[in-house]
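K.L.:
What follows is structure_25.txt, compact mmCIF, C-alpha atoms.
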# COMPACT_ATOMS: atom_id res chain seq x y z
CA MET I 1 4.97 18.53 37.09
CA SER I 2 1.74 20.31 36.17
CA ASP I 3 -1.44 18.42 35.34
CA PHE I 4 -2.07 17.42 31.75
CA THR I 5 -5.16 16.03 30.08
CA TRP I 6 -5.86 12.97 27.95
CA ASP I 7 -6.87 15.36 25.18
CA ASP I 8 -3.27 16.63 25.02
CA LEU I 9 -2.09 13.05 24.58
CA ARG I 10 -4.40 12.68 21.57
CA PHE I 11 -2.54 15.55 19.93
CA PHE I 12 0.80 14.01 20.90
CA LEU I 13 -0.15 10.70 19.28
CA ALA I 14 -1.32 12.37 16.08
CA VAL I 15 1.97 14.25 15.68
CA ALA I 16 3.98 11.15 16.59
CA ASP I 17 2.08 9.15 13.96
CA THR I 18 2.41 11.68 11.16
CA GLY I 19 5.53 13.70 11.96
CA GLN I 20 3.76 16.80 10.64
CA LEU I 21 1.59 19.42 12.30
CA THR I 22 -0.56 19.94 9.22
CA THR I 23 -1.21 16.23 8.71
CA ALA I 24 -1.99 15.76 12.39
CA ALA I 25 -4.34 18.75 12.25
CA ARG I 26 -6.20 17.23 9.30
CA GLN I 27 -6.50 13.95 11.16
CA LEU I 28 -7.86 15.72 14.24
CA ARG I 29 -10.02 18.11 12.20
CA THR I 30 -8.44 21.22 13.66
CA SER I 31 -5.74 23.77 12.78
CA HIS I 32 -1.98 23.28 12.89
CA VAL I 33 -1.77 26.24 15.28
CA THR I 34 -3.98 24.38 17.77
CA VAL I 35 -1.88 21.24 17.41
CA SER I 36 1.33 23.18 18.02
CA ARG I 37 -0.15 24.86 21.09
CA ARG I 38 -1.29 21.53 22.56
CA ILE I 39 2.14 19.96 22.05
CA ASP I 40 3.81 22.95 23.72
CA ARG I 41 1.35 22.69 26.63
CA LEU I 42 1.99 18.96 27.09
CA GLU I 43 5.76 19.42 27.03
CA GLY I 44 5.43 22.25 29.54
CA ALA I 45 3.22 20.16 31.84
CA LEU I 46 5.63 17.22 31.75
CA GLY I 47 8.77 19.34 31.83
CA LEU I 48 10.13 17.18 28.99
CA ARG I 49 11.04 17.70 25.37
CA LEU I 50 8.96 15.16 23.40
CA PHE I 51 9.85 16.21 19.84
CA GLU I 52 12.82 17.57 17.96
CA ARG I 53 11.66 20.17 15.46
CA ASN I 54 13.51 20.16 12.14
CA PRO I 55 12.77 21.07 8.49
CA LYS I 56 11.50 17.54 7.81
CA GLY I 57 8.95 17.66 10.62
CA TYR I 58 8.65 16.46 14.19
CA GLU I 59 10.93 13.61 15.37
CA LEU I 60 10.33 11.87 18.69
CA THR I 61 12.98 12.34 21.34
CA ALA I 62 13.93 9.55 23.77
CA HIS I 63 11.31 10.93 26.18
CA GLY I 64 8.74 10.95 23.38
CA ARG I 65 9.47 7.35 22.44
CA ALA I 66 9.11 6.35 26.09
CA LEU I 67 5.74 8.11 26.34
CA ILE I 68 4.24 6.77 23.13
CA VAL I 69 3.88 3.18 24.37
CA SER I 70 1.83 4.29 27.38
CA ALA I 71 -0.15 6.79 25.31
CA GLN I 72 -1.04 4.15 22.70
CA GLY I 73 -2.24 1.85 25.45
CA MET I 74 -4.38 4.61 26.94
CA ALA I 75 -5.87 5.35 23.52
CA ALA I 76 -6.79 1.71 22.95
CA GLN I 77 -8.35 1.45 26.40
CA ALA I 78 -10.30 4.69 25.94
CA ASN I 79 -11.68 3.46 22.60
CA GLN I 80 -12.62 0.11 24.10
CA LEU I 81 -14.32 1.79 27.07
CA ARG I 82 -16.41 4.01 24.80
CA ALA I 83 -17.35 1.01 22.67
CA ASP I 84 -18.27 -1.09 25.73
CA LEU I 85 -20.47 1.68 27.12
CA ALA I 86 -22.21 2.02 23.77
CA GLY I 87 -22.55 -1.75 23.39
CA GLU I 88 -20.65 -1.60 20.08
CA GLU I 89 -17.61 -3.14 18.47
CA PRO I 90 -14.29 -1.30 19.07
CA LEU I 91 -14.47 2.11 17.43
CA GLN I 92 -13.36 2.18 13.82
CA GLN I 93 -13.18 5.86 13.05
CA GLY I 94 -10.82 8.63 12.01
CA LEU I 95 -8.26 9.12 9.28
CA MET I 96 -6.26 6.11 8.09
CA ARG I 97 -3.44 6.16 5.57
CA ILE I 98 -2.39 3.02 3.73
CA ALA I 99 0.55 3.11 1.32
CA THR I 100 0.51 0.55 -1.49
CA PRO I 101 2.35 -0.22 -4.73
CA GLU I 102 0.64 1.42 -7.68
CA GLY I 103 -0.75 -1.78 -9.20
CA PHE I 104 -2.17 -3.18 -5.97
CA GLY I 105 -3.63 0.23 -5.08
CA SER I 106 -5.53 0.32 -8.35
CA TYR I 107 -6.86 -3.21 -7.88
CA PHE I 108 -7.91 -2.39 -4.32
CA SER I 109 -9.77 0.73 -5.49
CA GLN I 110 -11.58 -1.13 -8.25
CA CYS I 111 -12.38 -4.37 -6.46
CA MET I 112 -12.17 -3.92 -2.66
CA LEU I 113 -12.78 -0.26 -1.84
CA SER I 114 -16.56 -0.55 -2.00
CA ALA I 115 -16.47 -3.32 0.61
CA PHE I 116 -14.07 -1.27 2.76
CA VAL I 117 -16.37 1.76 2.75
CA LYS I 118 -19.36 -0.37 3.72
CA HIS I 119 -17.43 -2.18 6.45
CA PHE I 120 -15.74 0.94 7.90
CA PRO I 121 -18.09 3.89 7.35
CA GLY I 122 -16.33 5.87 10.08
CA ILE I 123 -12.83 5.63 8.58
CA ALA I 124 -11.64 8.33 6.17
CA LEU I 125 -9.20 6.34 4.00
CA GLU I 126 -6.20 7.91 2.29
CA LEU I 127 -4.63 5.45 -0.16
CA ILE I 128 -1.09 6.45 -1.12
CA ALA I 129 0.04 4.64 -4.25
CA LEU I 130 3.68 5.72 -4.09
CA PRO I 131 5.20 3.90 -1.13
CA GLN I 132 8.74 4.85 -2.11
CA ILE I 133 8.11 8.43 -0.93
CA ILE I 134 6.74 7.36 2.44
CA SER I 135 9.03 7.28 5.44
CA LEU I 136 7.95 4.29 7.51
CA SER I 137 10.26 5.31 10.35
CA ARG I 138 8.45 8.65 10.62
CA ARG I 139 5.05 6.93 10.88
CA GLU I 140 3.54 8.75 7.90
CA THR I 141 1.06 5.90 7.38
CA GLU I 142 -0.83 3.56 9.69
CA MET I 143 -0.18 0.62 7.37
CA SER I 144 1.80 -0.07 4.24
CA ILE I 145 1.81 -2.82 1.64
CA THR I 146 5.25 -3.53 0.19
CA LEU I 147 6.95 -6.08 -2.02
CA ASP I 148 9.38 -7.03 0.74
CA PRO I 149 8.95 -7.29 4.52
CA VAL I 150 10.07 -4.29 6.56
CA LYS I 151 13.10 -5.45 8.53
CA ALA I 152 13.02 -2.79 11.25
CA SER I 153 12.19 -4.27 14.65
CA THR I 154 9.63 -1.50 15.26
CA PHE I 155 7.34 -2.99 12.58
CA VAL I 156 5.25 -6.12 12.29
CA SER I 157 5.36 -7.50 8.73
CA GLU I 158 3.04 -10.28 7.57
CA LYS I 159 2.83 -11.85 4.13
CA LEU I 160 -0.47 -10.71 2.67
CA THR I 161 -0.39 -12.79 -0.50
CA ASP I 162 1.74 -14.07 -3.33
CA TYR I 163 0.84 -12.87 -6.80
CA THR I 164 1.86 -13.88 -10.29
CA LEU I 165 3.05 -11.97 -13.35
CA GLY I 166 3.59 -12.61 -17.04
CA VAL I 167 4.40 -11.00 -20.37
CA TYR I 168 1.57 -9.23 -22.21
CA GLY I 169 1.16 -7.67 -25.64
CA ALA I 170 -1.50 -6.19 -27.88
CA PRO I 171 -3.22 -8.70 -30.23
CA SER I 172 -2.65 -6.30 -33.15
CA TYR I 173 1.09 -6.32 -32.52
CA LEU I 174 1.36 -10.05 -31.96
CA ALA I 175 -0.60 -10.81 -35.17
CA GLN I 176 2.00 -9.14 -37.37
CA ALA I 177 5.18 -9.64 -35.33
CA ALA I 178 7.68 -12.50 -35.51
CA PRO I 179 6.41 -15.64 -33.75
CA ILE I 180 7.26 -16.05 -30.06
CA ARG I 181 7.76 -19.70 -29.12
CA THR I 182 10.61 -19.51 -26.58
CA ARG I 183 12.10 -17.03 -24.14
CA ALA I 184 14.94 -16.41 -26.61
CA ASP I 185 12.39 -15.23 -29.20
CA LEU I 186 11.49 -12.37 -26.87
CA LEU I 187 14.86 -10.76 -27.64
CA ASP I 188 13.55 -9.90 -31.12
CA HIS I 189 10.70 -7.81 -29.70
CA PRO I 190 10.59 -4.35 -28.05
CA PHE I 191 9.91 -4.25 -24.32
CA GLY I 192 8.80 -1.69 -21.79
CA GLY I 193 10.14 -1.66 -18.25
CA TYR I 194 11.02 0.36 -15.18
CA ILE I 195 13.68 3.09 -14.96
CA GLU I 196 16.55 1.32 -13.24
CA ASP I 197 17.57 4.02 -10.76
CA MET I 198 13.92 4.57 -9.76
CA ILE I 199 13.18 0.93 -8.89
CA TYR I 200 12.37 1.22 -5.18
CA ALA I 201 12.03 -2.55 -4.56
CA PRO I 202 14.18 -5.36 -6.02
CA GLY I 203 11.03 -7.29 -6.87
CA LEU I 204 10.14 -4.74 -9.56
CA ASP I 205 13.19 -5.71 -11.65
CA TYR I 206 11.18 -8.13 -13.77
CA LEU I 207 12.92 -8.28 -17.13
CA GLY I 208 16.03 -10.06 -15.90
CA ASP I 209 13.83 -12.90 -14.67
CA VAL I 210 12.13 -13.16 -18.07
CA HIS I 211 15.46 -13.25 -19.95
CA PRO I 212 18.83 -11.94 -18.70
CA ARG I 213 19.54 -10.12 -21.98
CA LEU I 214 16.23 -8.25 -22.26
CA ARG I 215 16.65 -4.47 -22.45
CA PRO I 216 13.63 -2.13 -22.57
CA ILE I 217 13.29 0.47 -25.31
CA PHE I 218 10.69 2.36 -23.26
CA LYS I 219 10.97 2.98 -19.53
CA SER I 220 8.59 4.48 -17.00
CA SER I 221 8.33 4.55 -13.22
CA SER I 222 4.59 3.85 -13.67
CA ILE I 223 3.31 0.37 -14.42
CA PHE I 224 0.28 1.92 -16.09
CA ASN I 225 2.43 3.86 -18.57
CA GLN I 226 4.07 0.57 -19.49
CA GLN I 227 0.64 -1.01 -19.86
CA ALA I 228 -0.52 1.85 -22.10
CA ALA I 229 2.51 1.47 -24.37
CA ALA I 230 1.73 -2.24 -24.69
CA GLN I 231 -1.92 -1.51 -25.47
CA GLU I 232 -0.76 0.70 -28.35
CA GLY I 233 1.27 -2.17 -29.78
CA LEU I 234 4.57 -0.39 -29.18
CA VAL I 235 6.11 -2.82 -26.71
CA LEU I 236 5.59 -5.98 -24.74
CA CYS I 237 5.66 -5.62 -20.97
CA VAL I 238 5.51 -7.60 -17.74
CA LEU I 239 2.31 -7.13 -15.76
CA PRO I 240 0.75 -8.75 -12.70
CA HIS I 241 -1.93 -11.13 -13.95
CA PHE I 242 -4.52 -9.26 -11.89
CA ILE I 243 -3.88 -6.29 -14.21
CA GLY I 244 -3.05 -7.93 -17.54
CA ALA I 245 -5.73 -10.63 -17.48
CA ARG I 246 -8.44 -8.01 -16.91
CA ASP I 247 -7.32 -5.84 -19.83
CA PRO I 248 -9.28 -6.67 -23.03
CA GLY I 249 -6.61 -4.84 -25.07
CA LEU I 250 -3.84 -7.28 -24.10
CA GLN I 251 -3.17 -11.00 -24.25
CA PRO I 252 -0.59 -13.18 -22.47
CA VAL I 253 2.64 -14.12 -24.25
CA LEU I 254 4.34 -17.44 -23.41
CA GLY I 255 1.85 -17.81 -20.60
CA ASP I 256 2.78 -21.44 -20.06
CA VAL I 257 6.52 -20.64 -19.90
CA VAL I 258 7.03 -17.24 -18.25
CA ARG I 259 5.57 -17.42 -14.75
CA LEU I 260 6.96 -14.88 -12.31
CA ARG I 261 5.94 -14.78 -8.65
CA ARG I 262 6.19 -11.97 -6.14
CA SER I 263 4.68 -11.24 -2.73
CA TYR I 264 2.86 -8.41 -1.00
CA TRP I 265 3.58 -7.77 2.69
CA LEU I 266 1.35 -5.93 5.14
CA ASN I 267 3.32 -3.75 7.56
CA CYS I 268 2.15 -1.97 10.69
CA HIS I 269 4.09 -0.16 13.39
CA ARG I 270 4.43 -2.37 16.45
CA ASP I 271 2.99 0.36 18.70
CA VAL I 272 -0.41 0.24 16.99
CA HIS I 273 -0.46 -3.29 15.57
CA ALA I 274 -2.68 -4.57 18.39
CA ALA I 275 -5.03 -1.56 18.40
CA PRO I 276 -8.67 -2.55 17.71
CA ARG I 277 -9.03 -0.41 14.60
CA GLU I 278 -5.80 -1.62 13.00
CA GLN I 279 -6.65 -5.22 13.84
CA ALA I 280 -10.10 -4.82 12.27
CA VAL I 281 -8.59 -3.42 9.05
CA ARG I 282 -5.94 -6.15 9.05
CA ARG I 283 -8.64 -8.86 9.29
CA PHE I 284 -10.60 -7.16 6.51
CA LEU I 285 -7.59 -7.08 4.17
CA PHE I 286 -6.73 -10.74 4.74
CA ALA I 287 -10.36 -11.75 4.18
CA GLN I 288 -10.58 -9.74 0.96
CA ILE I 289 -7.29 -11.11 -0.31
CA GLY I 290 -8.58 -14.61 0.40
CA SER I 291 -11.68 -14.01 -1.72
CA HIS I 292 -9.54 -12.67 -4.59
CA ALA I 293 -6.85 -15.35 -4.39
CA SER I 294 -7.78 -16.89 -7.75
CA VAL I 295 -7.01 -13.60 -9.50
CA LEU I 296 -3.92 -12.62 -7.53
CA ASN I 297 -2.16 -15.93 -7.22
CA ARG I 298 -2.90 -18.03 -10.30
CA PRO I 299 -1.04 -17.74 -13.60
CA VAL I 300 -3.25 -17.03 -16.61
CA LEU I 301 -2.13 -19.22 -19.50
CA ALA I 302 -2.58 -18.30 -23.14
CA SER I 303 -5.48 -20.71 -23.49
CA SER I 304 -7.09 -20.03 -20.10
CA PRO I 305 -10.35 -18.11 -19.69
CA GLN I 306 -10.22 -14.88 -17.73
CA ASP I 307 -11.08 -15.15 -14.06
CA GLU I 308 -14.14 -13.06 -13.36
CA VAL I 309 -13.76 -12.30 -9.65
CA CYS I 310 -13.42 -8.64 -10.59
CA LEU I 311 -13.17 -7.77 -14.25
CA ILE I 312 -13.31 -4.28 -15.71
CA SER I 313 -16.06 -3.83 -18.24
CA PRO I 314 -14.62 -2.26 -21.45
CA ALA I 315 -17.85 -0.34 -22.03
CA SER I 316 -18.24 1.26 -18.63
CA GLY I 317 -14.77 1.12 -17.09
CA LYS I 318 -16.46 -0.13 -13.91
CA PRO I 319 -15.83 -3.37 -12.06
CA ARG I 320 -18.18 -6.25 -12.73
CA ARG I 321 -18.32 -9.61 -10.99
Any chance you could put this one into structure tokens?
P.N.:
Amino acid sequence: MSDFTWDDLRFFLAVADTGQLTTAARQLRTSHVTVSRRIDRLEGALGLRLFERNPKGYELTAHGRALIVSAQGMAAQANQLRADLAGEEPLQQGLMRIATPEGFGSYFSQCMLSAFVKHFPGIALELIALPQIISLSRRETEMSITLDPVKASTFVSEKLTDYTLGVYGAPSYLAQAAPIRTRADLLDHPFGGYIEDMIYAPGLDYLGDVHPRLRPIFKSSSIFNQQAAAQEGLVLCVLPHFIGARDPGLQPVLGDVVRLRRSYWLNCHRDVHAAPREQAVRRFLFAQIGSHASVLNRPVLASSPQDEVCLISPASGKPRR
């Protein structure tokens, strides 16, 4: 076996994490040609095939999966050594991808991103708000936030928070529409909802929990399209309270009756879960969620004042506290 360098292992880890040469190259700030050449050199030095190349990208072989545990440990130790020599906290640098549901991703960007940037100036964050297109098994993200825990044994899933949802409508619509006093009254009103065959998590099937006979007249895979239709007075829709309660163009409907609850789960591949950077981001997310618990996890009743942990100013469209 020929000699190989730690630098080659960095390239191996990047391709193992992303499954793509181009994504790994962006993470390493180099070209995909260089990444390919380094992988070929490492495989030649070891005399082992580490990846299977296919149209979908690079898949780890059995030899690759055996190597990744040791390589991850070496990476963590190298980062810790550099931090110790510099007298700093463990290095928190590089590209990080986090996949989130659309609604949570928007709330994070409006109310937590500023704190993230200040806390992790060395991390280039890529927030992917369409987790249904992300292959967790191919390691296309460092972390993901989902509505259900990931059951694969290669992942660590932790409940991040519960959150609550309710029915919302435009005041202009509700002022002229038939009164809504019970769940059964909702059947006389138009609703927006998700497209059934595009619901990527069972928890998004809200309407059946509101009333089993509710059928939407408008459907969209985007929660914000549903919100926009409700703002226009065309439909009622189910929204997380952290979205609906901050929208001055909507008000809760049957807020003391319809109280749905769902959960967000934080998922990280077991290989990197204990890495200093991932642990630092994990602690940050749990701390931020704790400070926003009153918005995420408390129903907003029809007569309740809006919680002002992070409201959106109608005039500026910017968060205010």
K.L.:
Would you compute the distance between atom CA of Ala201 of chain I and atom CA of Ile98 of chain I? Give it in Å to one decimal.
P.N.:
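Those two atoms sit 17.5 Å apart.
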K.L.:
Report, in Å to a single decimal, how far apart atom CA of Leu204 of chain I and atom CA of Thr18 of chain I are.
P.N.:
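One can read the atom CA of Thr18 of chain I to atom CA of Leu204 of chain I distance as 27.5 Å.
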K.L.:
How many Å separate atom CA of Gln251 of chain I from atom CA of Tyr168 of chain I?
P.N.:
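One can read the atom CA of Gln251 of chain I to atom CA of Tyr168 of chain I distance as 5.5 Å.
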K.L.:
Neighbours of Val210 of chain I within 8 Å (only C-alpha atoms; same-chain residues fewer than 4 positions away dropped), as a CSV table (one decimal) with C-alpha atoms, in the frame of the given file?
P.N.:
chain,number,residue,atom,x,y,z
I,183,ARG,CA,12.1,-17.0,-24.1
I,206,TYR,CA,11.2,-8.1,-13.8
I,214,LEU,CA,16.2,-8.2,-22.3
I,258,VAL,CA,7.0,-17.2,-18.2
I,260,LEU,CA,7.0,-14.9,-12.3
K.L.:
Compile the contact shell of Ala62 of chain I as number ranges by chain: residues with an atom at most 12 Å away, counting only C-alpha atoms, same-chain residues fewer than 4 positions apart removed.
P.N.:
I: 48-52, 66-69
K.L.:
Padding of 3 Å on every side, edges along x, y and z, all listed atoms of segment 7-23 of chain I included: what centre and edge lengths in Å, to one decimal, does that box have, as JSON?
P.N.:
{"center_x": -0.7, "center_y": 14.5, "center_z": 16.9, "size_x": 18.4, "size_y": 16.8, "size_z": 22.5}
K.L.:
Taking only C-alpha atoms into account, name the residue in I:Ala175, I:Met96, I:Val295, I:Leu125 that is nearest to Glu278 of chain I.
P.N.:
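When distances to Glu278 of chain I are compared using only C-alpha atoms, the smallest one comes from I:Met96.
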K.L.:
Which protein, DNA or RNA residues have an atom at most 12 Å from (12.5, -10.8, -13.3), counting only C-alpha atoms? List them as a compact mmCIF listing (two decimals) with C-alpha atoms, in the coordinates of the input.
P.N.:
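Full text of result14.txt as output:
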# COMPACT_ATOMS: atom_id res chain seq x y z
CA THR I 164 1.86 -13.88 -10.29
CA LEU I 165 3.05 -11.97 -13.35
CA GLY I 166 3.59 -12.61 -17.04
CA VAL I 167 4.40 -11.00 -20.37
CA GLY I 193 10.14 -1.66 -18.25
CA TYR I 194 11.02 0.36 -15.18
CA PRO I 202 14.18 -5.36 -6.02
CA GLY I 203 11.03 -7.29 -6.87
CA LEU I 204 10.14 -4.74 -9.56
CA ASP I 205 13.19 -5.71 -11.65
CA TYR I 206 11.18 -8.13 -13.77
CA LEU I 207 12.92 -8.28 -17.13
CA GLY I 208 16.03 -10.06 -15.90
CA ASP I 209 13.83 -12.90 -14.67
CA VAL I 210 12.13 -13.16 -18.07
CA HIS I 211 15.46 -13.25 -19.95
CA PRO I 212 18.83 -11.94 -18.70
CA ARG I 213 19.54 -10.12 -21.98
CA LEU I 214 16.23 -8.25 -22.26
CA ARG I 215 16.65 -4.47 -22.45
CA CYS I 237 5.66 -5.62 -20.97
CA VAL I 238 5.51 -7.60 -17.74
CA LEU I 239 2.31 -7.13 -15.76
CA PRO I 240 0.75 -8.75 -12.70
CA VAL I 258 7.03 -17.24 -18.25
CA ARG I 259 5.57 -17.42 -14.75
CA LEU I 260 6.96 -14.88 -12.31
CA ARG I 261 5.94 -14.78 -8.65
CA ARG I 262 6.19 -11.97 -6.14
